[in-house]
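Report on the following structure.
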Amino acid sequence: MKRIIKIGNKEYEMKSSAYTQFKYKNDTGRKLLKDLQDLTQLQDKEESEMITSIDDLTDIVLRISYVMIEEADPSQVTTFEDFLKGIDGLFDNTNWINEVISLAVAPISRGI
């Protein structure tokens, strides 16, 4: 499944497939489904607790975003660091966070 998602002031084409979880683990050393579960738990926290979790939330979502951007079209990004440097206005609109999570779970949530 492919989708255009705007992060900050830039639109990226992202792709999520069965391959995404393997690429994510290969690139980050982390398990995608575990990180998605952690994101759900972070989103359910009280606002006062959420402030301390924003760093974890953005780290996970940005890494997932990068993997799905590379999967869709590697020419959109060079390195994870350059990807991050290219994002202006990260929290101007936070709808992208839910869009990324929704796209990431799409291949495993169909039919459930």
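Identifiers in this document derive from the order of the structure tokens: chains are assigned A, B, ..., residues are numbered from 1 separately in each chain, and ligands are numbered from 1 in order of occurrence.
For stretch 19-23 of chain A, the list of residues within 7 Å, based on only C-alpha atoms and with local chain neighbours fewer than 5 positions off taken out, reads Leu32, Val67 and Met68 of chain A.
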Kindly export the residues of the current selection with C-alpha atoms, as a PDB file, in the first residue's frame.
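To be explicit, this is the file written out as part24.pdb:
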```pdb
ATOM      1  CA  LEU A  32       8.398  -2.967  13.990  1.00  0.00           C
ATOM      2  CA  VAL A  67      11.935   3.003   6.178  1.00  0.00           C
ATOM      3  CA  MET A  68       8.606   3.371   4.350  1.00  0.00           C
TER       4      MET A  68
END
```
Chain A: which residues are alpha helix (DSSP H) by DSSP, as JSON, numbers by chain?
{"A": [18, 19, 20, 21, 22, 23, 24, 25, 26, 27, 28, 32, 33, 34, 35, 36, 37, 38, 39, 40, 41, 42, 43, 47, 48, 49, 50, 51, 52, 53, 54, 55, 56, 57, 58, 59, 60, 61, 62, 63, 64, 65, 66, 67, 68, 69, 70, 71, 72, 80, 81, 82, 83, 84, 85, 95, 96, 97, 98, 99, 100, 101, 102, 103, 104, 105, 106, 107, 108, 109]}
DSSP strand (DSSP E) residues within chain A, as number ranges by chain
A: 2-7, 10-15
Store the residues of this selection in a file with C-alpha atoms, as a compact mmCIF listing (two decimals), in the first residue's frame.
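Contents of result.txt, freshly written:
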```txt
# COMPACT_ATOMS: atom_id res chain seq x y z
CA LYS A 2 1.32 3.45 -0.93
CA ARG A 3 0.35 6.84 0.37
CA ILE A 4 1.60 10.43 0.20
CA ILE A 5 2.20 11.81 3.70
CA LYS A 6 3.29 15.33 4.53
CA ILE A 7 5.85 15.68 7.32
CA LYS A 10 7.46 18.25 2.61
CA GLU A 11 5.41 15.45 1.08
CA TYR A 12 6.83 11.94 0.90
CA GLU A 13 5.57 8.88 -0.89
CA MET A 14 5.57 5.98 1.57
CA LYS A 15 4.98 2.30 1.06
```
Leaving out stretch 77-83 of chain A and any residue of its chain fewer than 4 positions from it, which residues lie within 7 Å of it when counting only C-alpha atoms, given as a PDB file with N, CA and C atoms, in the first residue's frame?
```pdb
ATOM      1  N   TYR A  66      11.007   6.852   7.692  1.00  0.00           N
ATOM      2  CA  TYR A  66      12.185   6.740   6.828  1.00  0.00           C
ATOM      3  C   TYR A  66      12.213   5.406   6.086  1.00  0.00           C
ATOM      4  N   GLU A  70      11.931   5.019   2.030  1.00  0.00           N
ATOM      5  CA  GLU A  70      12.932   4.275   1.254  1.00  0.00           C
ATOM      6  C   GLU A  70      12.304   3.132   0.471  1.00  0.00           C
ATOM      7  N   ILE A  87      13.636  18.204   7.562  1.00  0.00           N
ATOM      8  CA  ILE A  87      12.282  18.414   8.076  1.00  0.00           C
ATOM      9  C   ILE A  87      12.209  19.738   8.829  1.00  0.00           C
TER      10      ILE A  87
END
```
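Shell of stretch 61-64 of chain A at 8 Å, with only C-alpha atoms counted and residues fewer than 4 places along the chain excluded, is Tyr24, Thr28, Leu32, Leu57, Met68, Phe80, Ile97, Val100, Ile101 and Ala104 of chain A.
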Based on the selection just made, write N, CA and C atoms of those residues as a short mmCIF file (atom, residue, chain, number, x, y, z; two decimals), in the first residue's frame.
```
data_model
loop_
_atom_site.label_atom_id
_atom_site.label_comp_id
_atom_site.auth_asym_id
_atom_site.auth_seq_id
_atom_site.Cartn_x
_atom_site.Cartn_y
_atom_site.Cartn_z
N TYR A 24 12.71 -2.69 8.41
CA TYR A 24 12.79 -1.90 9.64
C TYR A 24 13.78 -2.56 10.61
N THR A 28 17.20 -0.75 11.63
CA THR A 28 17.21 -0.16 12.98
C THR A 28 17.63 -1.14 14.08
N LEU A 32 9.45 -3.91 14.38
CA LEU A 32 8.40 -2.97 13.99
C LEU A 32 7.14 -3.16 14.82
N LEU A 57 8.31 8.83 21.08
CA LEU A 57 7.30 8.79 20.03
C LEU A 57 7.87 9.28 18.71
N MET A 68 9.68 3.45 5.35
CA MET A 68 8.61 3.37 4.35
C MET A 68 8.86 4.31 3.18
N PHE A 80 19.29 8.67 6.98
CA PHE A 80 18.33 9.02 8.01
C PHE A 80 18.65 10.42 8.56
N ILE A 97 1.63 11.80 12.05
CA ILE A 97 1.99 10.71 12.97
C ILE A 97 0.97 9.57 12.87
N VAL A 100 1.21 7.82 9.44
CA VAL A 100 2.35 6.89 9.36
C VAL A 100 2.02 5.59 10.08
N ILE A 101 1.47 5.69 11.27
CA ILE A 101 1.12 4.50 12.04
C ILE A 101 0.08 3.67 11.29
N ALA A 104 1.72 1.93 8.38
CA ALA A 104 2.64 0.87 8.82
C ALA A 104 1.90 -0.40 9.21
#
```
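Comparing the minimum interatomic distances between A:Asn95 and each of A:Pro107, A:Gly8, A:Met1, A:Leu33, counting only C-alpha atoms, we find that A:Gly8 sits nearest.
Note that the spacing between atom CA of A:Asp38 and atom CA of A:Glu99 amounts to 16.3 Å.
Comparing A:Trp96, A:Thr58, A:Val105, A:Gly29 by their smallest distance to A:Leu84, the closest is A:Thr58 (using only C-alpha atoms).
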Nearest to A:Thr40 by atom-to-atom distance, counting only C-alpha atoms, from A:Ile108, A:Ala18, A:Ile60, A:Ala72
A:Ile60
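Proximity of A:Asn9, A:Ser17, A:Lys25, A:Asp55 to A:Asp92, computed with only C-alpha atoms, is greatest for A:Asn9.
Computed from the coordinates, the atom CA of A:Asp56 to atom CA of A:Leu39 distance equals 8.4 Å.
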